[in-house]
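Colleague: mmCIF, C-alpha atoms, file my_file_7.cif:
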data_query
loop_
_atom_site.group_PDB
_atom_site.id
_atom_site.type_symbol
_atom_site.label_atom_id
_atom_site.label_comp_id
_atom_site.auth_asym_id
_atom_site.auth_seq_id
_atom_site.Cartn_x
_atom_site.Cartn_y
_atom_site.Cartn_z
ATOM 1 C CA MET A 1 5.377 -2.289 -24.715
ATOM 2 C CA THR A 2 3.307 -4.671 -22.579
ATOM 3 C CA ASN A 3 0.256 -3.068 -20.986
ATOM 4 C CA ILE A 4 -0.422 -3.632 -17.275
ATOM 5 C CA LEU A 5 -3.767 -2.548 -15.820
ATOM 6 C CA VAL A 6 -3.133 -0.751 -12.505
ATOM 7 C CA THR A 7 -6.255 -0.231 -10.435
ATOM 8 C CA GLY A 8 -5.810 2.627 -7.975
ATOM 9 C CA GLY A 9 -2.944 3.942 -10.093
ATOM 10 C CA ALA A 10 -3.835 7.524 -9.152
ATOM 11 C CA GLY A 11 -3.280 6.811 -5.460
ATOM 12 C CA TYR A 12 -0.160 6.866 -3.296
ATOM 13 C CA ILE A 13 1.192 3.350 -3.817
ATOM 14 C CA GLY A 14 -0.392 2.876 -7.233
ATOM 15 C CA SER A 15 1.236 5.978 -8.732
ATOM 16 C CA HIS A 16 4.655 4.834 -7.531
ATOM 17 C CA ALA A 17 3.950 1.390 -9.000
ATOM 18 C CA CYS A 18 3.161 3.012 -12.343
ATOM 19 C CA LYS A 19 6.534 4.755 -12.344
ATOM 20 C CA ALA A 20 8.319 1.500 -11.451
ATOM 21 C CA LEU A 21 6.466 -0.333 -14.216
ATOM 22 C CA LYS A 22 7.371 2.352 -16.752
ATOM 23 C CA GLN A 23 11.017 2.142 -15.726
ATOM 24 C CA ALA A 24 10.867 -1.662 -16.097
ATOM 25 C CA GLY A 25 9.653 -1.374 -19.695
ATOM 26 C CA TYR A 26 5.886 -1.782 -19.246
ATOM 27 C CA THR A 27 3.032 0.598 -20.040
ATOM 28 C CA PRO A 28 0.917 1.118 -16.900
ATOM 29 C CA VAL A 29 -2.752 1.803 -17.630
ATOM 30 C CA THR A 30 -4.335 3.485 -14.612
ATOM 31 C CA TYR A 31 -7.937 2.646 -13.743
ATOM 32 C CA ASP A 32 -9.199 4.840 -10.898
ATOM 33 C CA ASN A 33 -12.412 6.533 -9.776
ATOM 34 C CA LEU A 34 -10.477 9.497 -8.264
ATOM 35 C CA VAL A 35 -12.380 9.301 -4.968
ATOM 36 C CA THR A 36 -9.106 9.140 -3.034
ATOM 37 C CA GLY A 37 -6.706 9.250 -5.988
ATOM 38 C CA TRP A 38 -5.480 12.227 -7.993
ATOM 39 C CA GLN A 39 -5.381 12.597 -11.761
ATOM 40 C CA ASP A 40 -2.267 14.775 -11.351
ATOM 41 C CA ALA A 41 -0.483 11.638 -10.089
ATOM 42 C CA VAL A 42 -1.070 9.797 -13.381
ATOM 43 C CA LYS A 43 2.155 10.603 -15.245
ATOM 44 C CA PHE A 44 3.508 7.361 -16.638
ATOM 45 C CA GLY A 45 0.813 5.934 -18.917
ATOM 46 C CA PRO A 46 -2.822 6.215 -20.026
ATOM 47 C CA PHE A 47 -5.633 7.050 -17.610
ATOM 48 C CA GLU A 48 -9.113 5.529 -17.623
ATOM 49 C CA GLN A 49 -11.620 6.737 -15.044
ATOM 50 C CA GLY A 50 -14.123 4.218 -13.761
ATOM 51 C CA GLU A 51 -15.551 2.233 -10.876
ATOM 52 C CA LEU A 52 -14.583 -1.327 -10.000
ATOM 53 C CA THR A 53 -18.294 -2.042 -9.703
ATOM 54 C CA ASP A 54 -18.912 -1.007 -13.340
ATOM 55 C CA ARG A 55 -18.463 -4.254 -15.276
ATOM 56 C CA ALA A 56 -19.246 -2.707 -18.667
ATOM 57 C CA ARG A 57 -16.569 -0.059 -18.143
ATOM 58 C CA LEU A 58 -14.031 -2.688 -17.066
ATOM 59 C CA ASP A 59 -14.821 -4.810 -20.132
ATOM 60 C CA GLU A 60 -14.316 -1.742 -22.317
ATOM 61 C CA VAL A 61 -10.892 -1.025 -20.795
ATOM 62 C CA PHE A 62 -9.747 -4.658 -21.064
ATOM 63 C CA ALA A 63 -10.818 -4.721 -24.721
ATOM 64 C CA LYS A 64 -9.075 -1.429 -25.482
ATOM 65 C CA TYR A 65 -5.682 -2.156 -23.891
ATOM 66 C CA LYS A 66 -5.540 -5.984 -23.747
ATOM 67 C CA PRO A 67 -3.356 -5.930 -20.609
ATOM 68 C CA ALA A 68 -1.067 -8.864 -19.922
ATOM 69 C CA ALA A 69 -1.677 -8.595 -16.170
ATOM 70 C CA VAL A 70 -3.572 -6.702 -13.481
ATOM 71 C CA MET A 71 -1.910 -4.955 -10.547
ATOM 72 C CA HIS A 72 -4.744 -4.332 -8.086
ATOM 73 C CA PHE A 73 -4.294 -1.566 -5.487
ATOM 74 C CA ALA A 74 -7.725 0.102 -5.508
ATOM 75 C CA ALA A 75 -9.469 -0.272 -2.144
ATOM 76 C CA LEU A 76 -10.918 1.595 0.788
ATOM 77 C CA SER A 77 -8.365 1.332 3.591
ATOM 78 C CA GLN A 78 -9.269 3.366 6.690
ATOM 79 C CA VAL A 79 -9.593 1.107 9.724
ATOM 80 C CA GLY A 80 -11.826 3.496 11.701
ATOM 81 C CA GLU A 81 -14.197 3.862 8.775
ATOM 82 C CA ALA A 82 -14.176 0.093 8.252
ATOM 83 C CA MET A 83 -15.346 -0.334 11.847
ATOM 84 C CA SER A 84 -18.230 2.128 11.464
ATOM 85 C CA GLU A 85 -19.199 1.421 7.826
ATOM 86 C CA PRO A 86 -18.437 -2.268 7.181
ATOM 87 C CA GLY A 87 -20.985 -2.552 4.386
ATOM 88 C CA ARG A 88 -19.131 0.016 2.327
ATOM 89 C CA TYR A 89 -15.925 -2.009 2.637
ATOM 90 C CA TRP A 90 -17.531 -5.297 1.671
ATOM 91 C CA ALA A 91 -19.308 -3.707 -1.294
ATOM 92 C CA ASN A 92 -16.268 -1.851 -2.615
ATOM 93 C CA ASN A 93 -13.289 -4.012 -1.683
ATOM 94 C CA VAL A 94 -14.918 -7.410 -2.182
ATOM 95 C CA GLY A 95 -17.706 -6.700 -4.678
ATOM 96 C CA GLY A 96 -15.481 -4.442 -6.772
ATOM 97 C CA SER A 97 -12.588 -6.898 -6.715
ATOM 98 C CA LEU A 98 -14.838 -9.789 -7.720
ATOM 99 C CA ASN A 99 -16.097 -7.721 -10.648
ATOM 100 C CA LEU A 100 -12.508 -6.948 -11.670
ATOM 101 C CA ILE A 101 -11.412 -10.584 -11.394
ATOM 102 C CA GLU A 102 -14.355 -11.779 -13.468
ATOM 103 C CA ALA A 103 -13.642 -9.150 -16.122
ATOM 104 C CA ALA A 104 -9.973 -10.144 -16.218
ATOM 105 C CA VAL A 105 -10.806 -13.839 -16.652
ATOM 106 C CA ALA A 106 -13.343 -13.045 -19.368
ATOM 107 C CA ALA A 107 -10.659 -11.069 -21.211
ATOM 108 C CA GLY A 108 -8.119 -13.881 -20.866
ATOM 109 C CA CYS A 109 -5.920 -11.803 -18.546
ATOM 110 C CA LEU A 110 -4.884 -14.460 -16.030
ATOM 111 C CA ASP A 111 -1.894 -12.897 -14.232
ATOM 112 C CA PHE A 112 -2.900 -10.923 -11.137
ATOM 113 C CA VAL A 113 -0.778 -9.045 -8.571
ATOM 114 C CA PHE A 114 -2.837 -8.182 -5.497
ATOM 115 C CA SER A 115 -2.067 -5.577 -2.860
ATOM 116 C CA SER A 116 -3.335 -7.181 0.344
ATOM 117 C CA THR A 117 -2.455 -6.308 3.937
ATOM 118 C CA CYS A 118 -0.995 -7.719 7.143
ATOM 119 C CA ALA A 119 -4.289 -6.612 8.711
ATOM 120 C CA THR A 120 -5.600 -9.988 7.521
ATOM 121 C CA TYR A 121 -3.644 -11.523 10.422
ATOM 122 C CA GLY A 122 -5.436 -9.580 13.140
ATOM 123 C CA GLU A 123 -3.854 -9.178 16.578
ATOM 124 C CA HIS A 124 -0.487 -10.922 16.919
ATOM 125 C CA ASP A 125 1.383 -8.672 19.318
ATOM 126 C CA ASN A 126 5.189 -8.777 19.643
ATOM 127 C CA VAL A 127 5.787 -11.453 17.003
ATOM 128 C CA VAL A 128 7.317 -11.254 13.547
ATOM 129 C CA LEU A 129 4.544 -12.193 11.152
ATOM 130 C CA ASP A 130 5.157 -14.545 8.260
ATOM 131 C CA GLU A 131 2.992 -16.006 5.518
ATOM 132 C CA ASN A 132 1.943 -18.940 7.708
ATOM 133 C CA THR A 133 0.667 -16.820 10.608
ATOM 134 C CA SER A 134 -3.025 -17.517 11.224
ATOM 135 C CA GLN A 135 -5.433 -14.964 9.770
ATOM 136 C CA HIS A 136 -8.037 -13.482 12.131
ATOM 137 C CA PRO A 137 -8.802 -9.950 10.878
ATOM 138 C CA LEU A 138 -10.305 -7.541 13.412
ATOM 139 C CA ASN A 139 -12.314 -5.305 11.077
ATOM 140 C CA ALA A 140 -13.981 -5.114 7.671
ATOM 141 C CA TYR A 141 -10.826 -3.754 6.038
ATOM 142 C CA GLY A 142 -8.676 -6.772 6.909
ATOM 143 C CA ALA A 143 -11.600 -9.154 6.413
ATOM 144 C CA SER A 144 -12.394 -7.762 2.965
ATOM 145 C CA LYS A 145 -8.777 -8.180 1.852
ATOM 146 C CA ARG A 146 -8.699 -11.753 3.122
ATOM 147 C CA ALA A 147 -11.927 -12.432 1.224
ATOM 148 C CA VAL A 148 -10.334 -11.241 -2.021
ATOM 149 C CA GLU A 149 -7.394 -13.565 -1.373
ATOM 150 C CA ASP A 150 -9.910 -16.424 -1.079
ATOM 151 C CA ILE A 151 -11.655 -15.375 -4.296
ATOM 152 C CA LEU A 152 -8.339 -15.425 -6.145
ATOM 153 C CA LYS A 153 -7.676 -18.976 -4.946
ATOM 154 C CA ASP A 154 -11.119 -20.099 -6.141
ATOM 155 C CA PHE A 155 -10.598 -18.503 -9.547
ATOM 156 C CA GLU A 156 -7.225 -20.200 -9.835
ATOM 157 C CA ALA A 157 -8.873 -23.579 -9.286
ATOM 158 C CA ALA A 158 -11.721 -22.851 -11.703
ATOM 159 C CA HIS A 159 -10.104 -20.719 -14.401
ATOM 160 C CA GLY A 160 -6.314 -20.981 -14.106
ATOM 161 C CA LEU A 161 -5.902 -17.455 -12.741
ATOM 162 C CA ARG A 162 -2.456 -17.006 -11.174
ATOM 163 C CA ALA A 163 -1.974 -14.504 -8.357
ATOM 164 C CA VAL A 164 0.912 -13.055 -6.419
ATOM 165 C CA ILE A 165 -0.415 -11.621 -3.149
ATOM 166 C CA PHE A 166 1.545 -9.113 -1.061
ATOM 167 C CA ARG A 167 0.752 -8.454 2.610
ATOM 168 C CA TYR A 168 2.350 -5.448 4.302
ATOM 169 C CA PHE A 169 1.790 -2.854 7.007
ATOM 170 C CA ASN A 170 2.963 0.759 6.924
ATOM 171 C CA VAL A 171 4.177 2.307 3.689
ATOM 172 C CA ALA A 172 6.210 5.509 3.889
ATOM 173 C CA GLY A 173 8.469 7.810 1.892
ATOM 174 C CA ALA A 174 8.065 9.070 -1.650
ATOM 175 C CA ASP A 175 9.630 8.970 -5.073
ATOM 176 C CA PRO A 176 13.216 10.318 -4.561
ATOM 177 C CA GLU A 177 12.730 12.480 -7.673
ATOM 178 C CA ALA A 178 9.509 13.895 -6.157
ATOM 179 C CA GLU A 179 7.433 13.248 -9.270
ATOM 180 C CA VAL A 180 4.776 11.574 -7.123
ATOM 181 C CA GLY A 181 4.260 11.349 -3.385
ATOM 182 C CA GLU A 182 1.885 10.756 -0.500
ATOM 183 C CA PHE A 183 -1.069 13.120 -0.408
ATOM 184 C CA HIS A 184 -4.209 12.042 1.432
ATOM 185 C CA GLN A 185 -7.187 14.144 2.449
ATOM 186 C CA PRO A 186 -7.630 13.653 5.325
ATOM 187 C CA GLU A 187 -4.169 12.404 6.255
ATOM 188 C CA THR A 188 -3.859 9.538 8.755
ATOM 189 C CA HIS A 189 -0.259 8.307 8.367
ATOM 190 C CA LEU A 190 2.437 9.170 10.896
ATOM 191 C CA ILE A 191 5.227 10.572 8.721
ATOM 192 C CA PRO A 192 3.101 12.964 6.610
ATOM 193 C CA LEU A 193 1.199 14.026 9.760
ATOM 194 C CA MET A 194 4.533 14.792 11.387
ATOM 195 C CA ILE A 195 5.673 16.788 8.363
ATOM 196 C CA GLN A 196 2.418 18.748 8.388
ATOM 197 C CA ALA A 197 3.048 19.618 12.049
ATOM 198 C CA ILE A 198 6.591 20.770 11.259
ATOM 199 C CA ARG A 199 5.332 22.915 8.379
ATOM 200 C CA GLY A 200 2.585 24.475 10.532
ATOM 201 C CA GLU A 201 -0.182 22.869 8.477
ATOM 202 C CA ARG A 202 -1.615 21.354 11.682
ATOM 203 C CA ASP A 203 -1.199 22.449 15.284
ATOM 204 C CA ALA A 204 0.650 19.389 16.538
ATOM 205 C CA LEU A 205 1.131 15.682 16.107
ATOM 206 C CA THR A 206 -0.602 13.481 18.699
ATOM 207 C CA VAL A 207 1.383 10.570 20.151
ATOM 208 C CA PHE A 208 -1.156 7.998 21.292
ATOM 209 C CA GLY A 209 0.279 6.434 24.441
ATOM 210 C CA THR A 210 3.737 6.493 26.022
ATOM 211 C CA ASP A 211 3.306 3.578 28.453
ATOM 212 C CA TYR A 212 3.860 0.629 26.102
ATOM 213 C CA ASP A 213 6.402 -2.052 26.954
ATOM 214 C CA THR A 214 9.012 -0.688 24.545
ATOM 215 C CA PRO A 215 12.337 1.099 25.159
ATOM 216 C CA ASP A 216 10.758 4.560 24.887
ATOM 217 C CA GLY A 217 7.159 3.684 25.804
ATOM 218 C CA THR A 218 5.676 4.287 22.344
ATOM 219 C CA CYS A 219 4.364 1.544 20.089
ATOM 220 C CA ILE A 220 6.464 0.042 17.313
ATOM 221 C CA ARG A 221 5.415 -0.418 13.695
ATOM 222 C CA ASP A 222 7.085 -1.799 10.594
ATOM 223 C CA TYR A 223 7.673 0.769 7.832
ATOM 224 C CA VAL A 224 8.583 -0.007 4.230
ATOM 225 C CA HIS A 225 9.673 2.593 1.689
ATOM 226 C CA VAL A 226 7.076 2.923 -1.046
ATOM 227 C CA CYS A 227 9.725 2.465 -3.745
ATOM 228 C CA ASP A 228 10.914 -0.792 -2.127
ATOM 229 C CA LEU A 229 7.308 -1.899 -1.962
ATOM 230 C CA VAL A 230 6.495 -1.282 -5.618
ATOM 231 C CA ASP A 231 9.782 -2.898 -6.667
ATOM 232 C CA ALA A 232 8.438 -6.061 -5.009
ATOM 233 C CA HIS A 233 5.264 -5.768 -7.070
ATOM 234 C CA VAL A 234 7.276 -5.596 -10.295
ATOM 235 C CA LEU A 235 9.238 -8.658 -9.145
ATOM 236 C CA GLY A 236 5.904 -10.356 -8.466
ATOM 237 C CA LEU A 237 4.790 -9.585 -12.016
ATOM 238 C CA LYS A 238 7.986 -11.099 -13.392
ATOM 239 C CA TRP A 239 7.440 -14.135 -11.134
ATOM 240 C CA LEU A 240 4.132 -14.747 -12.908
ATOM 241 C CA GLU A 241 5.661 -14.134 -16.328
ATOM 242 C CA GLU A 242 8.143 -16.915 -15.550
ATOM 243 C CA ASP A 243 5.265 -19.335 -14.834
ATOM 244 C CA LYS A 244 6.188 -19.831 -11.192
ATOM 245 C CA GLY A 245 2.577 -19.971 -10.056
ATOM 246 C CA SER A 246 0.546 -18.305 -7.333
ATOM 247 C CA ARG A 247 2.346 -17.226 -4.170
ATOM 248 C CA VAL A 248 1.837 -15.113 -1.034
ATOM 249 C CA PHE A 249 4.620 -12.816 0.196
ATOM 250 C CA ASN A 250 4.871 -10.660 3.317
ATOM 251 C CA LEU A 251 6.805 -7.427 2.889
ATOM 252 C CA GLY A 252 8.487 -5.833 5.899
ATOM 253 C CA THR A 253 11.789 -5.195 7.618
ATOM 254 C CA GLY A 254 11.064 -7.510 10.548
ATOM 255 C CA SER A 255 12.155 -4.899 13.088
ATOM 256 C CA GLY A 256 10.100 -1.714 13.046
ATOM 257 C CA PHE A 257 10.471 1.731 14.601
ATOM 258 C CA SER A 258 8.745 3.366 17.560
ATOM 259 C CA VAL A 259 6.764 6.582 17.240
ATOM 260 C CA MET A 260 9.444 8.484 19.167
ATOM 261 C CA GLU A 261 12.178 7.056 16.930
ATOM 262 C CA VAL A 262 10.321 8.450 13.928
ATOM 263 C CA ILE A 263 10.015 11.858 15.629
ATOM 264 C CA ASP A 264 13.672 11.900 16.705
ATOM 265 C CA ASN A 265 14.889 10.961 13.238
ATOM 266 C CA SER A 266 12.736 13.638 11.652
ATOM 267 C CA ARG A 267 14.585 16.304 13.645
ATOM 268 C CA ALA A 268 17.876 15.171 12.145
ATOM 269 C CA VAL A 269 16.488 15.052 8.604
ATOM 270 C CA THR A 270 14.399 18.254 8.588
ATOM 271 C CA ASN A 271 16.431 20.322 11.055
ATOM 272 C CA SER A 272 13.156 21.182 12.755
ATOM 273 C CA ASP A 273 11.445 20.256 15.993
ATOM 274 C CA VAL A 274 8.210 18.318 15.781
ATOM 275 C CA PRO A 275 5.396 19.895 17.813
ATOM 276 C CA TYR A 276 3.534 17.037 19.452
ATOM 277 C CA ASN A 277 1.085 16.278 22.251
ATOM 278 C CA ILE A 278 0.726 13.130 24.314
ATOM 279 C CA GLY A 279 -2.657 11.450 24.045
ATOM 280 C CA ALA A 280 -4.181 8.328 25.523
ATOM 281 C CA ARG A 281 -3.729 4.929 23.970
ATOM 282 C CA ARG A 282 -6.110 4.126 21.147
ATOM 283 C CA ALA A 283 -8.331 1.079 21.610
ATOM 284 C CA GLY A 284 -6.932 -1.934 19.812
ATOM 285 C CA ASP A 285 -3.410 -0.588 19.301
ATOM 286 C CA CYS A 286 -0.794 -3.321 19.744
ATOM 287 C CA THR A 287 2.612 -2.763 21.325
ATOM 288 C CA LYS A 288 4.595 -4.029 18.356
ATOM 289 C CA LEU A 289 3.511 -5.089 14.858
ATOM 290 C CA VAL A 290 6.199 -6.162 12.416
ATOM 291 C CA SER A 291 6.302 -8.383 9.365
ATOM 292 C CA GLY A 292 9.226 -10.370 8.066
ATOM 293 C CA SER A 293 10.079 -10.818 4.404
ATOM 294 C CA THR A 294 12.328 -13.885 4.397
ATOM 295 C CA ARG A 295 10.305 -15.574 1.661
ATOM 296 C CA ALA A 296 10.321 -12.459 -0.535
ATOM 297 C CA GLY A 297 14.073 -12.167 -0.099
ATOM 298 C CA GLU A 298 14.809 -15.799 -0.846
ATOM 299 C CA GLU A 299 12.331 -16.362 -3.685
ATOM 300 C CA LEU A 300 11.884 -12.940 -5.304
ATOM 301 C CA GLY A 301 15.328 -11.562 -4.506
ATOM 302 C CA TRP A 302 13.641 -8.585 -2.851
ATOM 303 C CA GLU A 303 15.534 -6.362 -0.431
ATOM 304 C CA PRO A 304 14.036 -3.311 1.377
ATOM 305 C CA LYS A 305 17.213 -1.318 0.827
ATOM 306 C CA ARG A 306 15.571 2.133 1.041
ATOM 307 C CA SER A 307 13.543 1.341 4.156
ATOM 308 C CA THR A 308 15.639 3.255 6.676
ATOM 309 C CA LEU A 309 14.004 6.018 8.675
ATOM 310 C CA GLU A 310 16.423 8.587 7.288
ATOM 311 C CA GLN A 311 15.623 7.657 3.682
ATOM 312 C CA MET A 312 11.867 7.417 4.166
ATOM 313 C CA ILE A 313 11.612 10.729 6.028
ATOM 314 C CA SER A 314 13.990 12.608 3.731
ATOM 315 C CA ASP A 315 12.163 11.471 0.585
ATOM 316 C CA ALA A 316 8.795 12.352 2.134
ATOM 317 C CA TRP A 317 10.160 15.728 3.275
ATOM 318 C CA ARG A 318 11.438 16.498 -0.234
ATOM 319 C CA TRP A 319 8.053 15.704 -1.739
ATOM 320 C CA HIS A 320 6.150 17.814 0.786
ATOM 321 C CA GLN A 321 8.245 20.905 0.067
ATOM 322 C CA SER A 322 6.418 21.291 -3.242
ATOM 323 C CA GLY A 323 4.282 18.218 -3.754
ATOM 324 C CA HIS A 324 0.518 18.365 -3.828
ATOM 325 C CA TYR A 325 -2.250 17.483 -6.237
ATOM 326 C CA GLU A 326 -5.286 19.432 -7.366
ATOM 327 C CA ARG A 327 -8.744 18.074 -8.158
#
What would the structure in this file look like if it were written as structure tokens?

Modeller:
Amino acid sequence: MTNILVTGGAGYIGSHACKALKQAGYTPVTYDNLVTGWQDAVKFGPFEQGELTDRARLDEVFAKYKPAAVMHFAALSQVGEAMSEPGRYWANNVGGSLNLIEAAVAAGCLDFVFSSTCATYGEHDNVVLDENTSQHPLNAYGASKRAVEDILKDFEAAHGLRAVIFRYFNVAGADPEAEVGEFHQPETHLIPLMIQAIRGERDALTVFGTDYDTPDGTCIRDYVHVCDLVDAHVLGLKWLEEDKGSRVFNLGTGSGFSVMEVIDNSRAVTNSDVPYNIGARRAGDCTKLVSGSTRAGEELGWEPKRSTLEQMISDAWRWHQSGHYER
């Protein structure tokens, strides 16, 4: 079977991508340093431990597996940390990605699927983002991802590298069969934080602000089921295999859910109340951030069919009943 190098394949999204690739007939080769990923999540193909900044190690892995394409998820992604430690984000996300891209080109691996972010757009409150929205990132996380997008364009012009770039916001849910799931330490995402509160693993969930200009006063965010998301990445890989060229796609539902909608839906799914406290607004939080996916639907045939709150919460809940990883 065709080998695909998956950087960050031991992480949340990367591990789900590996399962989707395996189901689509590929062999995913995980490359991960296990700083935020988990070796227990590598279940669908070979594992190679290494740093993106280690060119010799990357060359060794490319020579060993001769992958037909790279699917690049590995990155630091905490906005608060990016604000306080920007150098770390530029060194890892940009320096590491440049190293990876150069190694791929040297190995003749010219198909590249890149996991970017809608954080490259910056603050566009109460609009549905599309691929033509202007990019003005607010922190080193979004800026570092935009920089990698620029690098990919330069390497296309110079070396014929072809890239499919995906930009998206909040990923949620888990593998419906609970083979892999979302497990961060520390956790920062709403749905797993809410589940931890229900299970008594934290005192309470904090709702940051209830005075936004929304129907229930809490801010609205776009959520995409992780399995929908990785399906898009497999479609992006096939897009490149069909010689359709480089392309940028936003992935989202275009509507979004408020924090209180997520909490209310969790009661119906888990049959449990969510203990929560009301906190002050966080600096920089927008009222509503959503991303459309018209282009992905029309050109890739992608549909976020699992991205309902009920499905995302129920799949996450199933995973958290037994799912965890050990170092």

Colleague: When the PyMOL selection byres ((chain A and resi 115) around 8) is applied to the structure above, which residues does it catch, written out as JSON, numbers by chain?

Modeller: {"A": [71, 72, 73, 113, 114, 116, 117, 165, 166, 167]}

Colleague: Skip region 12-17 of chain A itself and residues of its chain fewer than 4 positions away, then list as an MDAnalysis selection string all residues within 6 Å of it, counting only C-alpha atoms.

Modeller: chainID A and resid 8 182 230

Colleague: For the residues in that selection, give me C-alpha atoms as a short mmCIF file (atom, residue, chain, number, x, y, z; two decimals), in the coordinates of the input.

Modeller:
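The resulting file, out.cif, is shown below:
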data_model
loop_
_atom_site.label_atom_id
_atom_site.label_comp_id
_atom_site.auth_asym_id
_atom_site.auth_seq_id
_atom_site.Cartn_x
_atom_site.Cartn_y
_atom_site.Cartn_z
CA GLY A 8 -5.81 2.63 -7.98
CA GLU A 182 1.88 10.76 -0.50
CA VAL A 230 6.50 -1.28 -5.62
#

Colleague: At a cut-off of 8 Å, using only C-alpha atoms, what residues contact region 76-79 of chain A? Leave out same-chain residues fewer than 2 positions from it and give the result as a VMD selection string.

Modeller: chain A and resid 74 81 to 83 89 92 to 93 139 to 141

Colleague: Quick one: apply the PyMOL selection byres ((chain A and resi 271) around 12) to the file and drop the selected residues here as a list of chain:residue names.

Modeller: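 Applying the PyMOL selection byres ((chain A and resi 271) around 12) to the structure shown produces A:Ile195, A:Ile198, A:Arg199, A:Ile263, A:Asp264, A:Asn265, A:Ser266, A:Arg267, A:Ala268, A:Val269, A:Thr270, A:Ser272, A:Asp273, A:Val274, A:Ile313, A:Ser314, A:Trp317.
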
Colleague: Mind checking which residues fall within 8 Å of Tyr223 (chain A), counting only C-alpha atoms, ignoring those fewer than 5 positions away in the same chain, and posting them as a PyMOL selection string?

Modeller: chain A and resi 169-172+252-253+256-257+307

Colleague: Could you tell me which residues the PyMOL selection byres ((chain A and resi 24) around 12) grabs in this file, written as a list of chain:residue names?

Modeller: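 On the file shown, the PyMOL selection byres ((chain A and resi 24) around 12) covers A:Met1, A:Thr2, A:Asn3, A:Ile4, A:Ala17, A:Cys18, A:Lys19, A:Ala20, A:Leu21, A:Lys22, A:Gln23, A:Gly25, A:Tyr26, A:Thr27, A:Pro28, A:Phe44, A:Val230, A:Asp231, A:His233, A:Val234, A:Leu235, A:Leu237, A:Lys238.
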
Colleague: Selected residues, C-alpha atoms, written as a PDB file, keeping the file's coordinate frame, please.

Modeller:
ATOM      1  CA  MET A   1       5.377  -2.289 -24.715  1.00  0.00           C
ATOM      2  CA  THR A   2       3.307  -4.671 -22.579  1.00  0.00           C
ATOM      3  CA  ASN A   3       0.256  -3.068 -20.986  1.00  0.00           C
ATOM      4  CA  ILE A   4      -0.422  -3.632 -17.275  1.00  0.00           C
ATOM      5  CA  ALA A  17       3.950   1.390  -9.000  1.00  0.00           C
ATOM      6  CA  CYS A  18       3.161   3.012 -12.343  1.00  0.00           C
ATOM      7  CA  LYS A  19       6.534   4.755 -12.344  1.00  0.00           C
ATOM      8  CA  ALA A  20       8.319   1.500 -11.451  1.00  0.00           C
ATOM      9  CA  LEU A  21       6.466  -0.333 -14.216  1.00  0.00           C
ATOM     10  CA  LYS A  22       7.371   2.352 -16.752  1.00  0.00           C
ATOM     11  CA  GLN A  23      11.017   2.142 -15.726  1.00  0.00           C
ATOM     12  CA  GLY A  25       9.653  -1.374 -19.695  1.00  0.00           C
ATOM     13  CA  TYR A  26       5.886  -1.782 -19.246  1.00  0.00           C
ATOM     14  CA  THR A  27       3.032   0.598 -20.040  1.00  0.00           C
ATOM     15  CA  PRO A  28       0.917   1.118 -16.900  1.00  0.00           C
ATOM     16  CA  PHE A  44       3.508   7.361 -16.638  1.00  0.00           C
ATOM     17  CA  VAL A 230       6.495  -1.282  -5.618  1.00  0.00           C
ATOM     18  CA  ASP A 231       9.782  -2.898  -6.667  1.00  0.00           C
ATOM     19  CA  HIS A 233       5.264  -5.768  -7.070  1.00  0.00           C
ATOM     20  CA  VAL A 234       7.276  -5.596 -10.295  1.00  0.00           C
ATOM     21  CA  LEU A 235       9.238  -8.658  -9.145  1.00  0.00           C
ATOM     22  CA  LEU A 237       4.790  -9.585 -12.016  1.00  0.00           C
ATOM     23  CA  LYS A 238       7.986 -11.099 -13.392  1.00  0.00           C
TER      24      LYS A 238
END

Colleague: Return the single residue from A:Asp285, A:Tyr276, A:Arg221, A:Tyr212 that is closest to Gly200 (chain A), with distances computed using all atoms listed in the file.

Modeller: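 Of A:Asp285, A:Tyr276, A:Arg221, A:Tyr212, the one nearest Gly200 (chain A), counting all atoms listed in the file, is A:Tyr276.
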
Colleague: In Å, with one decimal, what is the gap from CA of Val42 (chain A) to CA of Met194 (chain A)?

Modeller: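 Result for CA of Val42 (chain A) versus CA of Met194 (chain A): 25.9 Å, one decimal.
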
Colleague: Please fill the gaps in region 132-138 of chain A so it has N, CA and C atoms, and write that as a PDB file, in the frame of the given file.

Modeller:
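To be explicit, this is the file written out as out_35.pdb:
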ATOM      1  N   ASN A 132       2.676 -17.841   7.088  1.00  0.00           N
ATOM      2  CA  ASN A 132       1.943 -18.940   7.708  1.00  0.00           C
ATOM      3  C   ASN A 132       1.240 -18.548   9.005  1.00  0.00           C
ATOM      4  N   THR A 133       1.366 -17.294   9.415  1.00  0.00           N
ATOM      5  CA  THR A 133       0.667 -16.820  10.608  1.00  0.00           C
ATOM      6  C   THR A 133      -0.844 -16.920  10.375  1.00  0.00           C
ATOM      7  N   SER A 134      -1.580 -17.355  11.382  1.00  0.00           N
ATOM      8  CA  SER A 134      -3.025 -17.517  11.224  1.00  0.00           C
ATOM      9  C   SER A 134      -3.700 -16.166  10.982  1.00  0.00           C
ATOM     10  N   GLN A 135      -4.738 -16.189  10.167  1.00  0.00           N
ATOM     11  CA  GLN A 135      -5.433 -14.964   9.770  1.00  0.00           C
ATOM     12  C   GLN A 135      -6.752 -14.821  10.541  1.00  0.00           C
ATOM     13  N   HIS A 136      -6.822 -13.780  11.357  1.00  0.00           N
ATOM     14  CA  HIS A 136      -8.037 -13.482  12.131  1.00  0.00           C
ATOM     15  C   HIS A 136      -8.256 -11.970  12.120  1.00  0.00           C
ATOM     16  N   PRO A 137      -8.663 -11.407  10.981  1.00  0.00           N
ATOM     17  CA  PRO A 137      -8.802  -9.950  10.878  1.00  0.00           C
ATOM     18  C   PRO A 137      -9.793  -9.384  11.894  1.00  0.00           C
ATOM     19  N   LEU A 138      -9.520  -8.154  12.348  1.00  0.00           N
ATOM     20  CA  LEU A 138     -10.305  -7.541  13.412  1.00  0.00           C
ATOM     21  C   LEU A 138     -11.361  -6.576  12.903  1.00  0.00           C
TER      22      LEU A 138
END
